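Colleague: Got start.pdb for you, PDB, C-alpha atoms and all ligand atoms:
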ATOM      1  CA  VAL M   1      19.731 -31.780  -3.628
ATOM      2  CA  ARG M   2      21.162 -28.616  -2.039
ATOM      3  CA  ILE M   3      18.569 -25.830  -1.991
ATOM      4  CA  VAL M   4      19.108 -22.209  -0.943
ATOM      5  CA  ILE M   5      15.909 -20.642   0.369
ATOM      6  CA  LEU M   6      15.493 -16.842   0.341
ATOM      7  CA  GLY M   7      12.822 -15.345   2.597
ATOM      8  CA  ALA M   8      13.179 -18.283   4.997
ATOM      9  CA  THR M   9      11.789 -16.223   7.890
ATOM     10  CA  GLY M  10       8.565 -15.339   6.038
ATOM     11  CA  ALA M  11       5.149 -16.998   6.037
ATOM     12  CA  THR M  12       5.915 -19.209   3.031
ATOM     13  CA  GLY M  13       9.703 -19.455   3.285
ATOM     14  CA  ARG M  14       9.583 -20.838   6.812
ATOM     15  CA  LEU M  15       7.325 -23.664   5.626
ATOM     16  CA  ALA M  16       9.488 -24.212   2.533
ATOM     17  CA  VAL M  17      12.455 -24.880   4.840
ATOM     18  CA  ASP M  18      10.396 -27.462   6.792
ATOM     19  CA  GLU M  19       9.159 -29.050   3.589
ATOM     20  CA  ALA M  20      12.613 -29.262   1.990
ATOM     21  CA  LEU M  21      14.148 -30.803   5.114
ATOM     22  CA  ALA M  22      11.295 -33.313   5.344
ATOM     23  CA  ALA M  23      11.949 -34.255   1.703
ATOM     24  CA  GLY M  24      15.573 -34.995   2.598
ATOM     25  CA  HIS M  25      17.170 -32.022   0.869
ATOM     26  CA  GLU M  26      20.186 -30.172   2.167
ATOM     27  CA  VAL M  27      18.937 -26.653   2.961
ATOM     28  CA  VAL M  28      20.688 -23.301   3.180
ATOM     29  CA  ALA M  29      18.536 -20.556   4.709
ATOM     30  CA  TYR M  30      20.007 -17.211   3.630
ATOM     31  CA  VAL M  31      18.505 -14.692   6.038
ATOM     32  CA  ARG M  32      19.064 -11.256   7.518
ATOM     33  CA  ASN M  33      18.452 -12.510  11.045
ATOM     34  CA  PRO M  34      19.873 -16.022  11.638
ATOM     35  CA  ASN M  35      18.465 -16.113  15.193
ATOM     36  CA  ALA M  36      14.973 -16.270  13.688
ATOM     37  CA  VAL M  37      15.624 -19.720  12.169
ATOM     38  CA  PRO M  38      15.742 -22.703  14.560
ATOM     39  CA  ALA M  39      18.752 -24.988  13.974
ATOM     40  CA  ARG M  40      17.999 -28.471  12.655
ATOM     41  CA  ALA M  41      19.851 -31.370  11.049
ATOM     42  CA  GLY M  42      20.320 -30.781   7.317
ATOM     43  CA  LEU M  43      19.938 -27.012   7.681
ATOM     44  CA  ARG M  44      22.687 -24.401   7.356
ATOM     45  CA  VAL M  45      21.702 -20.883   8.297
ATOM     46  CA  VAL M  46      23.766 -18.217   6.541
ATOM     47  CA  ALA M  47      23.528 -14.581   7.599
ATOM     48  CA  GLY M  48      23.199 -12.100   4.761
ATOM     49  CA  SER M  49      21.013  -9.727   2.835
ATOM     50  CA  VAL M  50      19.863  -9.944  -0.762
ATOM     51  CA  GLU M  51      21.278  -6.429  -1.019
ATOM     52  CA  ASP M  52      24.832  -7.848  -0.634
ATOM     53  CA  ASP M  53      25.968  -9.354  -3.949
ATOM     54  CA  ALA M  54      29.266 -10.861  -2.782
ATOM     55  CA  SER M  55      27.696 -12.561   0.223
ATOM     56  CA  MET M  56      24.842 -13.929  -1.931
ATOM     57  CA  ARG M  57      27.264 -15.383  -4.462
ATOM     58  CA  SER M  58      29.213 -17.195  -1.786
ATOM     59  CA  ALA M  59      26.001 -18.522  -0.159
ATOM     60  CA  PHE M  60      24.809 -19.806  -3.564
ATOM     61  CA  ALA M  61      28.086 -21.599  -4.424
ATOM     62  CA  GLY M  62      27.533 -25.330  -4.862
ATOM     63  CA  ALA M  63      23.716 -25.097  -4.692
ATOM     64  CA  ASP M  64      21.527 -27.135  -7.038
ATOM     65  CA  ALA M  65      18.600 -24.722  -6.739
ATOM     66  CA  VAL M  66      17.577 -21.368  -5.286
ATOM     67  CA  ILE M  67      13.973 -20.822  -4.159
ATOM     68  CA  SER M  68      12.889 -17.219  -3.541
ATOM     69  CA  CYS M  69       9.972 -16.549  -1.199
ATOM     70  CA  LEU M  70      11.030 -12.933  -0.685
ATOM     71  CA  GLY M  71       8.623 -10.105  -0.204
ATOM     72  CA  ALA M  72       8.916  -6.494   0.834
ATOM     73  CA  ARG M  73       7.812  -6.337   4.455
ATOM     74  CA  ILE M  74       4.368  -4.749   4.146
ATOM     75  CA  THR M  75       3.768  -1.482   5.970
ATOM     76  CA  ALA M  76       1.320   1.363   5.435
ATOM     77  CA  GLY M  77       4.208   3.128   3.663
ATOM     78  CA  THR M  78       4.884   0.338   1.141
ATOM     79  CA  LEU M  79       1.166   0.043   0.349
ATOM     80  CA  LEU M  80       0.702   3.792  -0.087
ATOM     81  CA  LYS M  81       3.980   4.915  -1.587
ATOM     82  CA  GLY M  82       5.140   1.674  -3.144
ATOM     83  CA  THR M  83       8.521   0.019  -2.927
ATOM     84  CA  ASP M  84      11.409  -0.728  -5.220
ATOM     85  CA  PHE M  85      12.473  -3.799  -3.216
ATOM     86  CA  GLN M  86      11.803  -6.423  -5.898
ATOM     87  CA  ARG M  87      13.091  -4.409  -8.851
ATOM     88  CA  ARG M  88      16.315  -3.673  -6.965
ATOM     89  CA  THR M  89      16.907  -7.180  -5.656
ATOM     90  CA  LEU M  90      15.601  -9.652  -8.265
ATOM     91  CA  PRO M  91      18.180  -8.661 -10.941
ATOM     92  CA  ALA M  92      20.933  -8.989  -8.290
ATOM     93  CA  ILE M  93      19.639 -12.407  -7.196
ATOM     94  CA  ILE M  94      19.584 -13.589 -10.809
ATOM     95  CA  ALA M  95      23.116 -12.252 -11.358
ATOM     96  CA  ALA M  96      24.303 -14.109  -8.244
ATOM     97  CA  ILE M  97      22.587 -17.333  -9.380
ATOM     98  CA  ASP M  98      24.323 -17.124 -12.752
ATOM     99  CA  ALA M  99      27.675 -16.078 -11.261
ATOM    100  CA  ALA M 100      27.562 -19.109  -8.943
ATOM    101  CA  SER M 101      26.359 -21.344 -11.848
ATOM    102  CA  VAL M 102      23.297 -22.512  -9.910
ATOM    103  CA  PRO M 103      21.358 -24.631 -12.434
ATOM    104  CA  ARG M 104      17.807 -24.014 -11.179
ATOM    105  CA  PHE M 105      15.761 -21.060  -9.852
ATOM    106  CA  VAL M 106      12.177 -21.156  -8.528
ATOM    107  CA  LEU M 107      10.541 -17.774  -7.913
ATOM    108  CA  MET M 108       7.425 -17.167  -5.846
ATOM    109  CA  SER M 109       5.530 -14.391  -7.573
ATOM    110  CA  SER M 110       1.864 -13.331  -7.172
ATOM    111  CA  PHE M 111      -1.212 -13.886  -9.284
ATOM    112  CA  GLY M 112      -2.596 -10.428 -10.076
ATOM    113  CA  ILE M 113       0.642  -8.681 -11.098
ATOM    114  CA  GLY M 114       0.961  -7.054 -14.507
ATOM    115  CA  THR M 115      -1.094  -8.680 -17.231
ATOM    116  CA  THR M 116      -2.065 -11.631 -14.972
ATOM    117  CA  ARG M 117      -4.493  -9.185 -13.286
ATOM    118  CA  LEU M 118      -6.634  -9.260 -16.435
ATOM    119  CA  LEU M 119      -7.350 -12.955 -15.842
ATOM    120  CA  GLY M 120      -8.966 -12.271 -12.463
ATOM    121  CA  SER M 121     -12.625 -11.565 -11.713
ATOM    122  CA  ALA M 122     -13.775  -7.953 -11.243
ATOM    123  CA  LEU M 123     -13.622  -7.686  -7.442
ATOM    124  CA  PRO M 124     -10.041  -8.866  -6.823
ATOM    125  CA  ARG M 125      -8.898  -7.191 -10.023
ATOM    126  CA  ILE M 126     -10.036  -3.785  -8.855
ATOM    127  CA  LEU M 127     -10.012  -3.955  -5.064
ATOM    128  CA  TYR M 128      -7.066  -6.192  -4.277
ATOM    129  CA  HIS M 129      -4.775  -6.271  -7.271
ATOM    130  CA  ARG M 130      -5.132  -2.554  -8.110
ATOM    131  CA  ILE M 131      -6.119  -0.591  -5.016
ATOM    132  CA  ILE M 132      -4.647  -2.539  -2.092
ATOM    133  CA  ALA M 133      -1.622  -4.327  -3.517
ATOM    134  CA  GLY M 134      -1.246  -2.277  -6.706
ATOM    135  CA  ARG M 135       2.032  -0.620  -5.845
ATOM    136  CA  LEU M 136       3.616  -3.816  -4.539
ATOM    137  CA  PHE M 137       2.443  -5.631  -7.651
ATOM    138  CA  ASP M 138       3.854  -2.954  -9.969
ATOM    139  CA  ASP M 139       7.235  -3.439  -8.299
ATOM    140  CA  LYS M 140       7.123  -7.204  -8.864
ATOM    141  CA  TRP M 141       6.023  -6.889 -12.466
ATOM    142  CA  ILE M 142       8.879  -4.513 -13.267
ATOM    143  CA  ALA M 143      11.349  -6.749 -11.384
ATOM    144  CA  GLU M 144      10.342  -9.793 -13.429
ATOM    145  CA  ARG M 145      11.574  -8.186 -16.627
ATOM    146  CA  ALA M 146      14.919  -9.579 -15.432
ATOM    147  CA  LEU M 147      13.699 -13.212 -15.549
ATOM    148  CA  PRO M 148      14.215 -13.940 -19.279
ATOM    149  CA  GLY M 149      17.877 -12.954 -18.852
ATOM    150  CA  CYS M 150      18.435 -15.648 -16.218
ATOM    151  CA  ARG M 151      20.692 -18.374 -17.589
ATOM    152  CA  ALA M 152      19.544 -20.948 -15.041
ATOM    153  CA  ASN M 153      16.545 -23.194 -15.699
ATOM    154  CA  TRP M 154      13.843 -21.058 -13.986
ATOM    155  CA  THR M 155      10.163 -21.346 -13.118
ATOM    156  CA  ALA M 156       7.943 -18.607 -11.671
ATOM    157  CA  VAL M 157       4.882 -19.559  -9.615
ATOM    158  CA  TYR M 158       1.887 -17.189  -9.364
ATOM    159  CA  PRO M 159      -0.227 -18.163  -6.342
ATOM    160  CA  VAL M 160      -3.646 -16.687  -5.625
ATOM    161  CA  THR M 161      -4.419 -15.128  -2.217
ATOM    162  CA  LEU M 162      -2.865 -17.054   0.673
ATOM    163  CA  GLN M 163      -3.761 -17.793   4.274
ATOM    164  CA  ALA M 164      -2.433 -19.904   7.149
ATOM    165  CA  GLY M 165      -3.560 -23.526   7.469
ATOM    166  CA  ALA M 166      -2.866 -27.076   6.373
ATOM    167  CA  PRO M 167      -1.828 -27.933   2.815
ATOM    168  CA  ASP M 168      -4.832 -27.861   0.470
ATOM    169  CA  VAL M 169      -6.106 -31.050  -1.082
ATOM    170  CA  GLY M 170      -7.028 -29.767  -4.529
ATOM    171  CA  TRP M 171      -4.824 -27.370  -6.455
ATOM    172  CA  ASP M 172      -3.512 -26.989  -9.986
ATOM    173  CA  LEU M 173      -0.360 -25.612 -11.546
ATOM    174  CA  ALA M 174      -1.161 -24.279 -15.006
ATOM    175  CA  PRO M 175       0.959 -22.296 -17.475
ATOM    176  CA  LEU M 176      -0.469 -18.750 -17.371
ATOM    177  CA  ASP M 177      -0.663 -18.570 -21.141
ATOM    178  CA  THR M 178      -3.222 -21.409 -21.106
ATOM    179  CA  VAL M 179      -5.490 -19.731 -18.508
ATOM    180  CA  GLU M 180      -8.562 -17.793 -19.673
ATOM    181  CA  LYS M 181     -10.138 -16.788 -16.359
ATOM    182  CA  VAL M 182      -9.671 -17.214 -12.594
ATOM    183  CA  GLU M 183     -13.090 -17.079 -10.948
ATOM    184  CA  GLY M 184     -14.090 -15.440  -7.639
ATOM    185  CA  ILE M 185     -11.536 -14.848  -4.887
ATOM    186  CA  PRO M 186      -9.708 -18.178  -4.631
ATOM    187  CA  VAL M 187      -7.524 -18.846  -1.591
ATOM    188  CA  LEU M 188      -4.820 -21.434  -0.879
ATOM    189  CA  SER M 189      -2.563 -21.970   2.125
ATOM    190  CA  PHE M 190       1.060 -20.878   2.465
ATOM    191  CA  ALA M 191       1.768 -24.574   3.168
ATOM    192  CA  THR M 192       0.530 -25.561  -0.293
ATOM    193  CA  VAL M 193       2.814 -23.030  -1.934
ATOM    194  CA  ALA M 194       5.783 -24.239   0.133
ATOM    195  CA  LYS M 195       5.119 -27.813  -1.006
ATOM    196  CA  VAL M 196       4.841 -26.790  -4.655
ATOM    197  CA  LEU M 197       7.999 -24.654  -4.624
ATOM    198  CA  VAL M 198      10.069 -27.420  -3.035
ATOM    199  CA  GLY M 199       8.618 -29.989  -5.454
ATOM    200  CA  LEU M 200       9.634 -27.769  -8.369
ATOM    201  CA  ALA M 201      13.210 -27.223  -7.148
ATOM    202  CA  PRO M 202      14.673 -30.438  -8.637
ATOM    203  CA  ASP M 203      12.126 -30.584 -11.499
ATOM    204  CA  ARG M 204      13.734 -29.242 -14.678
ATOM    205  CA  SER M 205      10.696 -29.949 -16.861
ATOM    206  CA  ARG M 206       9.080 -26.551 -16.222
ATOM    207  CA  GLU M 207      11.906 -24.517 -17.731
ATOM    208  CA  ARG M 208      11.043 -20.823 -18.337
ATOM    209  CA  GLN M 209       7.409 -21.407 -17.413
ATOM    210  CA  ARG M 210       5.155 -19.014 -15.518
ATOM    211  CA  LEU M 211       2.618 -21.093 -13.629
ATOM    212  CA  LEU M 212      -0.683 -20.152 -12.005
ATOM    213  CA  LEU M 213      -1.157 -21.900  -8.638
ATOM    214  CA  ALA M 214      -4.870 -21.951  -7.793
ATOM    215  CA  PRO M 215      -7.495 -24.214  -6.201
ATOM    216  CA  LYS M 216      -8.801 -26.941  -8.494
ATOM    217  CA  GLY M 217     -11.927 -25.761 -10.296
ATOM    218  CA  SER M 218     -11.271 -22.032  -9.666
ATOM    219  CA  TRP M 219      -9.943 -21.346 -13.168
ATOM    220  CA  ARG M 220     -10.568 -22.272 -16.781
TER     221      ARG M 220
HETATM  222  N1  LIG M 301       0.432 -13.323   1.240
HETATM  223  C1  LIG M 301      -0.228 -13.594   0.126
HETATM  224  O1  LIG M 301      -1.482 -13.720   0.082
HETATM  225  C2  LIG M 301       0.549 -13.807  -1.131
HETATM  226  C3  LIG M 301      -0.096 -14.358  -2.225
HETATM  227  C4  LIG M 301       0.616 -14.596  -3.387
HETATM  228  C5  LIG M 301       1.956 -14.225  -3.448
HETATM  229  N2  LIG M 301       2.569 -13.638  -2.376
HETATM  230  C6  LIG M 301       3.969 -13.222  -2.530
HETATM  231  O2  LIG M 301       4.827 -14.233  -2.104
HETATM  232  C7  LIG M 301       6.014 -13.699  -1.533
HETATM  233  C8  LIG M 301       6.209 -14.262  -0.136
HETATM  234  O3  LIG M 301       5.085 -13.912   0.642
HETATM  235  P1  LIG M 301       5.020 -14.214   2.204
HETATM  236  O4  LIG M 301       3.725 -13.647   2.674
HETATM  237  O5  LIG M 301       5.383 -15.641   2.433
HETATM  238  O6  LIG M 301       6.263 -13.296   2.700
HETATM  239  P2  LIG M 301       6.497 -12.533   4.096
HETATM  240  O7  LIG M 301       5.909 -13.304   5.232
HETATM  241  O8  LIG M 301       6.127 -11.091   3.941
HETATM  242  O9  LIG M 301       8.086 -12.642   4.221
HETATM  243  C9  LIG M 301       8.954 -11.909   3.402
HETATM  244  C10 LIG M 301      10.350 -12.502   3.521
HETATM  245  O10 LIG M 301      11.240 -11.676   2.749
HETATM  246  C11 LIG M 301      12.357 -11.358   3.556
HETATM  247  N3  LIG M 301      12.980 -10.072   3.215
HETATM  248  C12 LIG M 301      12.368  -8.870   3.087
HETATM  249  N4  LIG M 301      13.296  -7.932   2.789
HETATM  250  C13 LIG M 301      14.508  -8.574   2.738
HETATM  251  C14 LIG M 301      15.864  -8.179   2.479
HETATM  252  N5  LIG M 301      16.184  -6.885   2.210
HETATM  253  N6  LIG M 301      16.839  -9.114   2.524
HETATM  254  C15 LIG M 301      16.550 -10.403   2.796
HETATM  255  N7  LIG M 301      15.292 -10.850   3.053
HETATM  256  C16 LIG M 301      14.305  -9.946   3.027
HETATM  257  C17 LIG M 301      11.805 -11.278   4.967
HETATM  258  O11 LIG M 301      12.881 -11.392   5.865
HETATM  259  P3  LIG M 301      12.885 -10.644   7.302
HETATM  260  O12 LIG M 301      12.242 -11.626   8.253
HETATM  261  O13 LIG M 301      14.339 -10.441   7.562
HETATM  262  O14 LIG M 301      12.108  -9.371   7.158
HETATM  263  C18 LIG M 301      10.888 -12.513   4.955
HETATM  264  O15 LIG M 301      11.620 -13.689   5.150
HETATM  265  C19 LIG M 301       5.845 -12.186  -1.552
HETATM  266  O16 LIG M 301       6.564 -11.689  -2.665
HETATM  267  C20 LIG M 301       4.349 -12.000  -1.713
HETATM  268  O17 LIG M 301       4.027 -10.816  -2.423
HETATM  269  C21 LIG M 301       1.908 -13.459  -1.216
END
Give the structure from this file in structure tokens form.
Ligand SMILES: NC(=O)c1ccc[n+]([C@@H]2O[C@H](COP(=O)([O-])OP(=O)(O)OC[C@H]3O[C@@H](n4cnc5c(N)ncnc54)[C@H](OP(=O)(O)O)[C@@H]3O)[C@@H](O)[C@H]2O)c1
Modeller:
Amino acid sequence: VRIVILGATGATGRLAVDEALAAGHEVVAYVRNPNAVPARAGLRVVAGSVEDDASMRSAFAGADAVISCLGARITAGTLLKGTDFQRRTLPAIIAAIDAASVPRFVLMSSFGIGTTRLLGSALPRILYHRIIAGRLFDDKWIAERALPGCRANWTAVYPVTLQAGAPDVGWDLAPLDTVEKVEGIPVLSFATVAKVLVGLAPDRSRERQRLLLAPKGSWR
């Protein structure tokens, strides 16, 4: 399977490239800075920005799936003033996916955006999802209004808070509309998310689903 990975220089995207190569996929890393991605067999590094529609379309041509692990680079400015990065780029990414007839799209989102925040416990809901990441999360929530218009078979994954470390042993993927409550402040590793995103890339059974990714036992 040929997979284009966006955000391949980021905490999760870098691991998604490793994971996809280890699974035997053909990988295209579409990045702003190709020097930041070490060359390996099975990997093609293509220079480009998600702000360049024509370049994205040509990078996506012939792909079986696109995985997005993009995020606005976080600075004091983006936290305080907000960003329009996701709402500007996600519709363009979706348009490029459809223009290139890519059949599958897997989006890394965040648990805590929009109405998913209401499923969290009080502390993360107020401190993290509203005060700290509120403006970034608003941007993502607005951006995702473009998802239903995507003609590809898409799945959005909503991971809880992430940290470095080995893949976790116990985690669940659950459709958000079946989740009543996510307890405490659950944490998973970036490596777990990378594994899940790559596993979902060829899996067409989760079409148009929005899935919580959380430690086993942390939600009901
Ligand atoms: N960290 C968490 O706890 C957590 C939890 C749940 C969900 N998430 C979400 O998951 C996503 C990925 O998170 P992460 O921490 O793995 O990301 P990250 O380390 O912040 O990396 C962001 C990636 O996006 C790329 N990017 C930013 N602006 C770009 C542009 N204009 N054109 C092309 N690429 C661009 C960056 O490329 P450059 O190297 O070129 O800047 C980088 O590869 C984010 O949307 C984040 O909100 C994070």
Colleague: Given the PyMOL selection byres (((chain M and resi 98-103) around 12) and not hetatm) and the file above, list the residues it selects as a PyMOL selection string.
Modeller: chain M and resi 1-4+53-67+91-97+104-106+147+149-155+201-204+207
Colleague: As an exercise, work out the distance from atom CA of Ile113 of chain M to atom CA of Ala29 of chain M in Å and give it to one decimal place.
Modeller: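 Value for the atom CA of Ile113 of chain M-atom CA of Ala29 of chain M distance: 26.7 Å.
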Colleague: Scan for residues within 12 Å of the point (4.4, 1.7, -0.2) in the coordinates of the file, using only C-alpha atoms, and reply as a list in words.
Modeller: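 Checked against the point, the hits come out as Ala72, Arg73, Ile74, Thr75, Ala76, Gly77, Thr78, Leu79, Leu80, Lys81, Gly82, Thr83, Asp84, Phe85, Ile131, Ile132, Ala133, Gly134, Arg135, Leu136, Phe137, Asp138 and Asp139 of chain M.
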Colleague: Quick check on the file I pasted: which residues fall under the PyMOL selection byres (((not hetatm)) within 6 of (chain M and resi 301))? Write them as a JSON list (two decimals) with C-alpha atoms, in the frame of the given file.
Modeller:
[["chain", "number", "residue", "atom", "x", "y", "z"],
["M", 7, "GLY", "CA", 12.82, -15.34, 2.60],
["M", 8, "ALA", "CA", 13.18, -18.28, 5.00],
["M", 9, "THR", "CA", 11.79, -16.22, 7.89],
["M", 10, "GLY", "CA", 8.56, -15.34, 6.04],
["M", 11, "ALA", "CA", 5.15, -17.00, 6.04],
["M", 12, "THR", "CA", 5.92, -19.21, 3.03],
["M", 13, "GLY", "CA", 9.70, -19.45, 3.28],
["M", 31, "VAL", "CA", 18.50, -14.69, 6.04],
["M", 32, "ARG", "CA", 19.06, -11.26, 7.52],
["M", 33, "ASN", "CA", 18.45, -12.51, 11.04],
["M", 49, "SER", "CA", 21.01, -9.73, 2.84],
["M", 50, "VAL", "CA", 19.86, -9.94, -0.76],
["M", 69, "CYS", "CA", 9.97, -16.55, -1.20],
["M", 70, "LEU", "CA", 11.03, -12.93, -0.68],
["M", 71, "GLY", "CA", 8.62, -10.10, -0.20],
["M", 72, "ALA", "CA", 8.92, -6.49, 0.83],
["M", 73, "ARG", "CA", 7.81, -6.34, 4.46],
["M", 108, "MET", "CA", 7.42, -17.17, -5.85],
["M", 109, "SER", "CA", 5.53, -14.39, -7.57],
["M", 110, "SER", "CA", 1.86, -13.33, -7.17],
["M", 159, "PRO", "CA", -0.23, -18.16, -6.34],
["M", 160, "VAL", "CA", -3.65, -16.69, -5.62],
["M", 161, "THR", "CA", -4.42, -15.13, -2.22],
["M", 162, "LEU", "CA", -2.86, -17.05, 0.67]]
Colleague: Given the PyMOL selection byres (((chain M and resi 176-179) around 7) and not hetatm) and the file above, list the residues it selects as a PDB file with C-alpha atoms, in the frame of the given file.
Modeller:
ATOM      1  CA  ALA M 174      -1.161 -24.279 -15.006  1.00  0.00           C
ATOM      2  CA  PRO M 175       0.959 -22.296 -17.475  1.00  0.00           C
ATOM      3  CA  GLU M 180      -8.562 -17.793 -19.673  1.00  0.00           C
ATOM      4  CA  LYS M 181     -10.138 -16.788 -16.359  1.00  0.00           C
ATOM      5  CA  ARG M 210       5.155 -19.014 -15.518  1.00  0.00           C
ATOM      6  CA  LEU M 211       2.618 -21.093 -13.629  1.00  0.00           C
ATOM      7  CA  LEU M 212      -0.683 -20.152 -12.005  1.00  0.00           C
ATOM      8  CA  ARG M 220     -10.568 -22.272 -16.781  1.00  0.00           C
TER       9      ARG M 220
END
Colleague: Using all atoms listed in the file, which protein or nucleic acid residues come within 9 Å of Arg117 of chain M? Drop anything in the same chain fewer than 5 positions from it, and give the result as a list in words.
Modeller: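 Residues meeting the cut-off are Phe111, Gly112, Pro124, Arg125, Ile126, His129 and Arg130 of chain M.
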Colleague: Which residues, written as a ChimeraX atom specification, have at least one atom at most 12 Å from Ala166 of chain M, with only C-alpha atoms counted and residues fewer than 2 positions away on the same chain left out?
Modeller: /M:15,162-164,168-170,188-195
Colleague: Would you list the contacts of Glu144 of chain M as a PyMOL selection string, taking every protein, DNA or RNA residue within 8 Å and counting all atoms listed in the file, but skipping same-chain residues closer than 4 positions in sequence?
Modeller: chain M and resi 87+90+140
Colleague: Keeping C-alpha atoms for every residue in the selection just given, could you write it to a file as an mmCIF file, keeping the file's coordinate frame?
Modeller:
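The resulting part-v2.cif:
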data_model
loop_
_atom_site.group_PDB
_atom_site.id
_atom_site.type_symbol
_atom_site.label_atom_id
_atom_site.label_comp_id
_atom_site.auth_asym_id
_atom_site.auth_seq_id
_atom_site.Cartn_x
_atom_site.Cartn_y
_atom_site.Cartn_z
ATOM 1 C CA ARG M 87 13.091 -4.409 -8.851
ATOM 2 C CA LEU M 90 15.601 -9.652 -8.265
ATOM 3 C CA LYS M 140 7.123 -7.204 -8.864
#
Colleague: To one decimal in Å, tell me the separation between atom CA of Pro186 of chain M and atom CA of Lys216 of chain M.
Modeller: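 Result for atom CA of Pro186 of chain M versus atom CA of Lys216 of chain M: 9.6 Å, one decimal.
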Colleague: Would you work out the distance separating atom CA of Pro215 of chain M from atom CA of Gly120 of chain M, expressed in Å to one decimal?
Modeller: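 Calculated distance between atom CA of Pro215 of chain M and atom CA of Gly120 of chain M is 13.6 Å.
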Colleague: Kindly indicate which residue among M:Leu127, M:Ile5, M:Val182, M:Leu173 lies nearest to Gln209 of chain M, using all atoms listed in the file for the distances.
Modeller: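 Of the candidates, the smallest distance to Gln209 of chain M is held by M:Leu173.
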Colleague: Nearest to Ile185 of chain M: which of M:Ala16, M:Leu119, M:Ala39, M:Val45 is it, counting only C-alpha atoms?
Modeller: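 Using only C-alpha atoms, Ile185 of chain M sits closest to M:Leu119.
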Colleague: Between M:Trp141, M:Asp52, M:Arg206, M:Gly199, which residue has the minimum interatomic distance to Gly24 of chain M, considering all atoms listed in the file?
Modeller: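 Checking each of M:Trp141, M:Asp52, M:Arg206, M:Gly199 against Gly24 of chain M, counting all atoms listed in the file, the winner is M:Gly199.
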Colleague: Smallest atom-to-atom distance to Leu123 of chain M: which of M:Val27, M:Arg88, M:Gly184, M:Ala156, using only C-alpha atoms?
Modeller: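 Looking at the shortest contact to Leu123 of chain M, the residue is M:Gly184.
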Colleague: Between M:Leu21, M:Asp172, M:Tyr128, M:Ser218, single out the one closest to Arg44 of chain M, counting all atoms listed in the file.
Modeller: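 Of all the options, M:Leu21 lies closest to Arg44 of chain M.
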Colleague: Could you tell me which of M:Thr116, M:Val46, M:Arg208, M:Gly217 comes closest to Pro148 of chain M if we count only C-alpha atoms?
Modeller: M:Arg208
